[in-house]
>>> print(open('final_31.txt').read())   # compact mmCIF, C-alpha atoms
# COMPACT_ATOMS: atom_id res chain seq x y z
CA MET A 1379 1.47 20.62 -14.46
CA LEU A 1380 3.12 17.43 -13.25
CA TYR A 1381 3.27 16.87 -9.50
CA ILE A 1382 6.57 15.26 -8.58
CA LEU A 1383 6.35 13.74 -5.12
CA GLY A 1384 8.90 12.28 -2.76
CA GLU A 1385 10.06 8.71 -2.95
CA TYR A 1386 7.87 5.95 -1.55
CA LEU A 1387 9.79 2.90 -0.39
CA ILE A 1388 8.05 -0.43 -0.60
CA SER A 1389 9.20 -3.99 -0.30
CA LEU A 1390 7.90 -6.50 -2.81
CA SER A 1391 10.30 -9.27 -1.91
CA ASN A 1392 8.69 -12.69 -1.80
CA SER A 1393 7.95 -14.48 1.43
CA ASP A 1394 9.78 -17.73 0.75
CA ARG A 1395 11.43 -17.31 4.13
CA ASP A 1396 8.06 -18.14 5.67
CA TYR A 1397 8.24 -21.61 4.09
CA LYS A 1398 11.84 -22.62 4.77
CA ASN A 1399 10.70 -25.93 6.17
CA ASP A 1400 7.92 -26.56 3.71
CA ILE A 1401 9.28 -27.38 0.26
CA ALA A 1402 5.86 -28.19 -1.14
CA ASN A 1403 4.58 -24.71 -0.36
CA ILE A 1404 7.65 -23.11 -1.92
CA VAL A 1405 7.16 -25.06 -5.15
CA GLU A 1406 3.48 -24.18 -5.24
CA LYS A 1407 4.26 -20.52 -4.66
CA ARG A 1408 6.76 -20.45 -7.53
CA LYS A 1409 4.29 -22.16 -9.83
CA GLU A 1410 1.72 -19.51 -8.99
CA SER A 1411 4.24 -16.71 -9.64
CA LYS A 1412 5.09 -18.20 -13.02
CA LYS A 1413 1.40 -18.48 -13.89
CA GLN A 1414 0.86 -14.88 -12.85
CA LEU A 1415 3.71 -13.74 -15.11
CA GLU A 1416 2.32 -15.66 -18.05
CA ASN A 1417 -1.06 -13.97 -17.75
CA SER A 1418 -0.18 -10.36 -17.01
CA ASN A 1419 2.16 -7.53 -17.89
CA TYR A 1420 5.32 -7.63 -15.84
CA LEU A 1421 8.34 -5.57 -14.96
CA HIS A 1422 11.89 -6.87 -15.27
CA LEU A 1423 14.34 -5.33 -12.80
CA ILE A 1424 17.56 -5.15 -14.79
CA LYS A 1425 20.11 -4.98 -11.99
CA GLU A 1426 18.38 -7.62 -9.87
CA ASN A 1427 17.48 -9.81 -12.87
CA LYS A 1428 14.04 -10.33 -11.38
CA ASN A 1429 10.53 -10.29 -12.85
CA ILE A 1430 7.53 -8.90 -10.96
CA PRO A 1431 3.93 -9.02 -12.23
CA GLU A 1432 2.48 -5.57 -12.73
CA SER A 1433 -0.55 -6.56 -10.68
CA LYS A 1434 1.64 -7.36 -7.67
CA ILE A 1435 3.10 -3.85 -7.81
CA THR A 1436 -0.04 -1.90 -8.56
CA GLU A 1437 -2.31 -3.64 -6.06
CA HIS A 1438 -0.13 -2.24 -3.29
CA PHE A 1439 -0.75 1.32 -4.47
CA ASP A 1440 -4.42 0.73 -5.25
CA LYS A 1441 -4.84 -0.34 -1.64
CA TYR A 1442 -2.82 2.31 0.18
CA TYR A 1443 -2.78 5.43 -1.98
CA LYS A 1444 -5.55 7.52 -3.49
CA ASP A 1445 -3.82 10.01 -5.70
CA ASN A 1446 -0.72 11.49 -7.28
CA LEU A 1447 2.45 10.14 -8.78
CA HIS A 1448 4.68 7.70 -6.91
CA TYR A 1449 8.26 6.62 -7.39
CA LEU A 1450 8.70 2.85 -7.30
CA SER A 1451 11.68 1.96 -5.17
CA PHE A 1452 12.87 -0.91 -3.04
CA LYS A 1453 14.21 -0.89 0.48
CA LYS A 1454 17.25 -2.96 -0.42
CA SER A 1455 18.47 -0.76 -3.28
CA ASN A 1456 16.80 2.54 -2.37
CA ASP A 1457 16.71 3.85 -5.94
CA VAL A 1458 13.97 4.67 -8.43
CA LYS A 1459 12.94 1.76 -10.65
CA ASN A 1460 9.86 3.24 -12.30
CA ILE A 1461 6.94 5.52 -11.52
CA LEU A 1462 3.29 4.74 -10.99
CA ALA A 1463 0.44 7.05 -11.88
CA LEU A 1464 -3.29 6.94 -11.36
CA GLY A 1465 -5.25 6.41 -14.57
CA ILE A 1466 -8.75 7.44 -15.58
CA ASP A 1467 -9.86 4.04 -14.28
CA LYS A 1468 -8.71 5.23 -10.80
CA LYS A 1469 -6.12 2.46 -10.66
CA PHE A 1470 -2.35 2.77 -10.56
CA HIS A 1471 -0.28 1.73 -13.56
CA LEU A 1472 3.42 1.74 -14.37
CA SER A 1473 4.58 4.55 -16.64
CA ASN A 1474 5.16 2.32 -19.68
CA PHE A 1475 1.57 1.08 -19.51
CA TYR A 1476 0.28 4.42 -20.80
CA LEU A 1477 2.08 4.05 -24.16
CA GLU A 1478 -0.27 1.64 -25.87
CA GLY A 1479 1.08 1.64 -29.42
CA TYR A 1480 -1.46 4.12 -30.72
CA ALA A 1481 -1.44 6.43 -33.72
CA PRO A 1482 -4.70 8.08 -34.87
CA PHE A 1483 -3.60 7.95 -38.51
CA GLU A 1484 -0.49 7.29 -40.60
CA THR A 1485 1.90 10.05 -41.61
CA ASN A 1486 5.57 10.31 -42.52
CA LYS A 1487 5.87 13.99 -41.62
CA LEU A 1488 7.37 14.58 -38.16
CA TRP A 1489 5.59 17.88 -37.63
CA VAL A 1490 2.10 16.42 -38.13
CA PRO A 1491 1.65 14.75 -34.68
CA LEU A 1492 2.67 17.91 -32.83
CA GLN A 1493 0.50 20.20 -34.94
CA THR A 1494 -2.46 17.82 -34.76
CA LEU A 1495 -2.32 17.68 -30.96
CA ALA A 1496 -2.01 21.46 -30.80
CA GLN A 1497 -5.22 21.83 -32.77
CA LYS A 1498 -7.16 19.02 -31.12
CA LYS A 1499 -6.18 19.06 -27.44
CA THR A 1500 -6.61 21.88 -24.93
CA TYR A 1501 -4.26 22.19 -21.96
CA GLU A 1502 -6.04 21.86 -18.64
CA LEU A 1503 -4.81 20.91 -15.19
CA ASP A 1504 -6.02 17.55 -13.90
CA SER A 1505 -7.33 19.19 -10.73
CA LEU A 1506 -9.78 21.18 -12.87
CA GLN A 1507 -10.82 18.25 -15.04
CA TYR A 1508 -10.99 15.54 -12.36
CA THR A 1509 -12.56 16.89 -9.20
CA GLY A 1510 -10.65 15.86 -6.09
CA TYR A 1511 -7.54 14.64 -7.90
CA LYS A 1512 -4.24 16.41 -8.51
CA GLU A 1513 -2.84 13.94 -11.02
CA ILE A 1514 -4.59 11.60 -13.46
CA TRP A 1515 -2.82 10.14 -16.50
CA GLN A 1516 -4.45 9.37 -19.83
CA THR A 1517 -3.24 6.54 -22.05
CA SER A 1518 -2.10 7.48 -25.55
CA SER A 1519 -5.46 6.58 -27.12
CA GLN A 1520 -7.39 8.38 -24.37
CA ALA A 1521 -5.14 11.42 -24.72
CA PHE A 1522 -6.07 11.72 -28.38
CA LYS A 1523 -9.75 10.97 -27.80
CA TYR A 1524 -10.28 13.44 -24.95
CA THR A 1525 -9.96 17.09 -25.88
CA ARG A 1526 -8.51 18.22 -22.54
CA GLY A 1527 -5.38 17.19 -20.67
CA ASP A 1528 -2.19 18.44 -19.06
CA CYS A 1529 1.49 18.07 -19.90
CA GLU A 1530 1.98 14.32 -19.46
CA ASP A 1531 -1.19 13.56 -21.46
CA HIS A 1532 0.14 15.62 -24.37
CA ALA A 1533 3.60 14.05 -24.06
CA ILE A 1534 2.27 10.49 -23.92
CA ALA A 1535 0.11 11.00 -27.01
CA LEU A 1536 2.94 12.61 -28.96
CA ALA A 1537 5.67 10.12 -27.99
CA ASP A 1538 3.54 7.07 -28.76
CA TRP A 1539 2.52 8.42 -32.15
CA LEU A 1540 6.15 9.09 -33.06
CA ILE A 1541 7.15 5.61 -31.89
CA GLU A 1542 4.50 4.18 -34.21
CA MET A 1543 6.19 6.14 -37.00
CA GLY A 1544 9.43 4.28 -36.22
CA GLU A 1545 11.07 7.10 -34.29
CA ASP A 1546 13.02 6.86 -31.04
CA ALA A 1547 10.84 9.10 -28.88
CA ARG A 1548 10.55 9.06 -25.10
CA VAL A 1549 8.45 10.77 -22.47
CA VAL A 1550 10.56 12.80 -20.05
CA ALA A 1551 9.43 14.09 -16.65
CA GLY A 1552 11.12 16.53 -14.34
CA PHE A 1553 10.87 20.28 -14.10
CA TYR A 1554 10.54 23.17 -16.48
CA LYS A 1555 12.21 25.98 -14.57
CA LYS A 1556 10.61 25.44 -11.14
CA GLU A 1557 7.40 23.61 -12.05
CA GLY A 1558 6.85 19.89 -12.50
CA HIS A 1559 6.53 19.13 -16.20
CA ALA A 1560 6.57 16.41 -18.86
CA TRP A 1561 7.83 16.65 -22.43
CA VAL A 1562 9.20 14.47 -25.25
CA VAL A 1563 12.78 13.90 -26.38
CA LEU A 1564 13.39 12.69 -29.93
CA PHE A 1565 16.64 10.92 -30.88
CA LYS A 1566 17.24 11.29 -34.60
CA ASP A 1567 20.29 11.30 -36.87
CA GLY A 1568 22.68 11.57 -33.94
CA ASN A 1569 20.88 14.56 -32.43
CA GLU A 1570 18.51 15.02 -29.49
CA TYR A 1571 15.49 17.27 -29.87
CA ILE A 1572 13.04 18.65 -27.33
CA LEU A 1573 9.39 18.36 -28.35
CA GLU A 1574 7.14 20.58 -26.29
CA ALA A 1575 3.91 18.65 -26.63
CA THR A 1576 1.84 21.38 -24.97
CA SER A 1577 2.92 23.97 -27.55
CA LYS A 1578 -0.04 25.66 -29.21
CA GLY A 1579 1.71 28.32 -31.26
CA ASN A 1580 4.89 28.70 -33.28
CA PHE A 1581 5.75 25.65 -35.41
CA THR A 1582 8.51 27.23 -37.49
CA ASN A 1583 11.07 25.37 -35.38
CA PRO A 1584 9.04 22.80 -33.46
CA TYR A 1585 11.96 20.51 -32.65
CA PRO A 1586 14.83 22.55 -31.15
CA LEU A 1587 18.09 20.88 -30.16
CA ALA A 1588 18.00 19.66 -26.56
CA LYS A 1589 21.51 20.92 -25.78
CA TYR A 1590 20.27 24.51 -25.94
CA GLN A 1591 17.14 23.97 -23.83
CA THR A 1592 18.51 24.72 -20.37
CA SER A 1593 15.13 25.44 -18.76
CA TYR A 1594 14.20 21.73 -18.92
CA ARG A 1595 15.46 19.73 -15.94
CA PRO A 1596 14.92 15.99 -16.53
CA GLN A 1597 14.62 13.37 -13.80
CA ILE A 1598 13.17 10.28 -15.48
CA MET A 1599 12.50 9.05 -19.02
CA PHE A 1600 10.51 6.17 -20.49
CA ASN A 1601 9.18 4.63 -23.70
CA ARG A 1602 7.01 1.54 -24.21
CA GLU A 1603 9.66 -0.85 -22.93
CA TYR A 1604 12.28 0.89 -20.84
CA PHE A 1605 12.53 3.25 -17.90
CA TRP A 1606 15.59 5.44 -17.31
CA PHE A 1607 16.60 7.37 -14.20
CA ASN A 1608 18.95 10.36 -14.24
CA LYS A 1609 21.57 9.80 -11.54
CA GLY A 1610 23.49 12.93 -12.54
CA SER A 1611 22.68 16.62 -12.52
CA ILE A 1612 19.07 17.60 -13.02
CA ASN A 1613 20.38 20.53 -15.07
CA THR A 1614 21.72 18.25 -17.80
CA THR A 1615 20.78 18.92 -21.43
CA SER A 1616 21.99 15.48 -22.54
CA TYR A 1617 19.53 12.59 -22.69
CA SER A 1618 22.02 9.92 -23.71
CA SER A 1619 24.87 10.42 -21.24
CA GLU A 1620 26.14 7.69 -18.94
CA ASN A 1621 24.17 9.29 -16.12
CA TRP A 1622 20.95 7.92 -17.59
CA LEU A 1623 20.59 4.47 -16.04
CA LYS A 1624 18.23 1.95 -17.61
CA LYS A 1625 16.38 0.51 -14.62
CA THR A 1626 13.54 -1.68 -15.84
CA ILE A 1627 12.06 -3.41 -18.87
CA TYR A 1628 8.29 -3.49 -19.24
CA HIS A 1629 6.85 -6.63 -20.84
CA ARG A 1630 3.40 -6.19 -22.25
CA ILE A 1631 1.47 -9.40 -22.73
CA GLU A 1632 -0.60 -9.35 -25.91
CA LYS A 1633 -3.59 -11.60 -26.57
CA ASN A 1634 -1.78 -13.40 -29.36
CA ASP A 1635 0.99 -14.33 -26.90
CA PHE A 1636 -1.24 -16.91 -25.24
>>> encode(input="final_31.txt", output="structure tokens")
Amino acid sequence: MLYILGEYLISLSNSDRDYKNDIANIVEKRKESKKQLENSNYLHLIKENKNIPESKITEHFDKYYKDNLHYLSFKKSNDVKNILALGIDKKFHLSNFYLEGYAPFETNKLWVPLQTLAQKKTYELDSLQYTGYKEIWQTSSQAFKYTRGDCEDHAIALADWLIEMGEDARVVAGFYKKEGHAWVVLFKDGNEYILEATSKGNFTNPYPLAKYQTSYRPQIMFNREYFWFNKGSINTTSYSSENWLKKTIYHRIEKNDF
């Protein structure tokens, strides 16, 4: 089960106003921000055309919040830019962070990742696996390594594997009927398919068309780079309509980038 909480408004605007009369301090501050960007993952806010180091965002949540899933918003715009979730390391990370670019082995058969996860991974609520916590996210490699996990762990593992296969797959979070849930949407050959990553049974039609899956009620969607927010009806069965707004771009700094 995925626990969808209310929106948490935070302000990450810089404090240049504190140095209006001190140009030297402003220059030094900007140099430090640039250095921080060059040495860490960062989030690009599309509408604002602004980059923010991941560490600057996550340290706020590490300091003030213990648990659960949080919407990342800003007081000025008051809309959802991304979500942050607590990882196994007990630190908050942006949603895109959990898709590491991991595939346990190569395959060209679309049904293999889903069937493999069904056989390898057992569904279990985070509250039962991690004492004292309602929501803990596993990265894609952790989700394949550990034999237990809930809906978002299954979805993260499945989406990342399919992305490694060259597919356009995204993790979706919202509700299934009345419960918080996470699943995968696959865009292929002009169609949209729902992939129920927690499925453990019938694989005769593992990838049904999304337009017929009315019990899924999507709120947000993400892959390794982008985060989308559904500004339209939560009852939509379309994952490519104009109501899906691309909010942020996640830049992952690799070692060979230095």
>>> closest_residue(input="final_31.txt", among="A:Tyr1508, A:Tyr1554, A:Tyr1590, A:Phe1470", to="Glu1437 of chain A", atoms="all atoms listed in the file")
A:Phe1470
>>> atom_distance(input="final_31.txt", atom1="atom CA of Leu1462 of chain A", atom2="atom CA of Ala1537 of chain A")
18.0 Å
>>> closest_residue(input="final_31.txt", among="A:Lys1625, A:Lys1566, A:Arg1602, A:Arg1630", to="Leu1488 of chain A", atoms="all atoms listed in the file")
A:Lys1566
>>> residues_around(input="final_31.txt", residues="Ala1588 of chain A", least_positions_apart="4", cutoff="6 Å", atoms="only C-alpha atoms", output="list in words")
Glu1570, Tyr1571, Ile1572 and Thr1615 of chain A
>>> write_last_selection(input="final_31.txt", atoms="C-alpha atoms", output="PDB file, keeping the file's coordinate frame")
ATOM      1  CA  GLU A1570      18.510  15.020 -29.490  1.00  0.00           C
ATOM      2  CA  TYR A1571      15.490  17.270 -29.870  1.00  0.00           C
ATOM      3  CA  ILE A1572      13.040  18.650 -27.330  1.00  0.00           C
ATOM      4  CA  THR A1615      20.780  18.920 -21.430  1.00  0.00           C
TER       5      THR A1615
END
>>> residues_around(input="final_31.txt", residues="Val1550 of chain A", least_positions_apart="6", cutoff="9 Å", atoms="only C-alpha atoms", output="VMD selection string")
chain A and resid 1530 1533 1559 to 1563 1596 to 1600
>>> write_last_selection(input="final_31.txt", atoms="C-alpha atoms", output="PDB file, in the frame of the given file")
ATOM      1  CA  GLU A1530       1.980  14.320 -19.460  1.00  0.00           C
ATOM      2  CA  ALA A1533       3.600  14.050 -24.060  1.00  0.00           C
ATOM      3  CA  HIS A1559       6.530  19.130 -16.200  1.00  0.00           C
ATOM      4  CA  ALA A1560       6.570  16.410 -18.860  1.00  0.00           C
ATOM      5  CA  TRP A1561       7.830  16.650 -22.430  1.00  0.00           C
ATOM      6  CA  VAL A1562       9.200  14.470 -25.250  1.00  0.00           C
ATOM      7  CA  VAL A1563      12.780  13.900 -26.380  1.00  0.00           C
ATOM      8  CA  PRO A1596      14.920  15.990 -16.530  1.00  0.00           C
ATOM      9  CA  GLN A1597      14.620  13.370 -13.800  1.00  0.00           C
ATOM     10  CA  ILE A1598      13.170  10.280 -15.480  1.00  0.00           C
ATOM     11  CA  MET A1599      12.500   9.050 -19.020  1.00  0.00           C
ATOM     12  CA  PHE A1600      10.510   6.170 -20.490  1.00  0.00           C
TER      13      PHE A1600
END
>>> atom_distance(input="final_31.txt", atom1="atom CA of Ser1593 of chain A", atom2="atom CA of Leu1464 of chain A")
27.1 Å
>>> closest_residue(input="final_31.txt", among="A:Asp1528, A:Lys1609, A:Gln1493, A:Ile1435", to="Tyr1585 of chain A", atoms="only C-alpha atoms")
A:Gln1493
>>> closest_residue(input="final_31.txt", among="A:Gly1465, A:Ala1481, A:Leu1495, A:Asp1546", to="Lys1512 of chain A", atoms="all atoms listed in the file")
A:Gly1465
>>> residues_near_point(input="final_31.txt", point="(13.4, 2.1, -15.9)", cutoff="7 Å", atoms="only C-alpha atoms", output="JSON, numbers by chain")
{"A": [1459, 1460, 1600, 1604, 1605, 1606, 1607, 1624, 1625, 1626, 1627]}
>>> atom_distance(input="final_31.txt", atom1="atom CA of Tyr1511 of chain A", atom2="atom CA of Asn1446 of chain A")
7.5 Å
>>> residues_around(input="final_31.txt", residues="segment 1427-1434 of chain A", least_positions_apart="2", cutoff="8 Å", atoms="all atoms listed in the file", output="MDAnalysis selection string")
chainID A and resid 1390 1414:1415 1418:1425 1436:1438 1471:1472
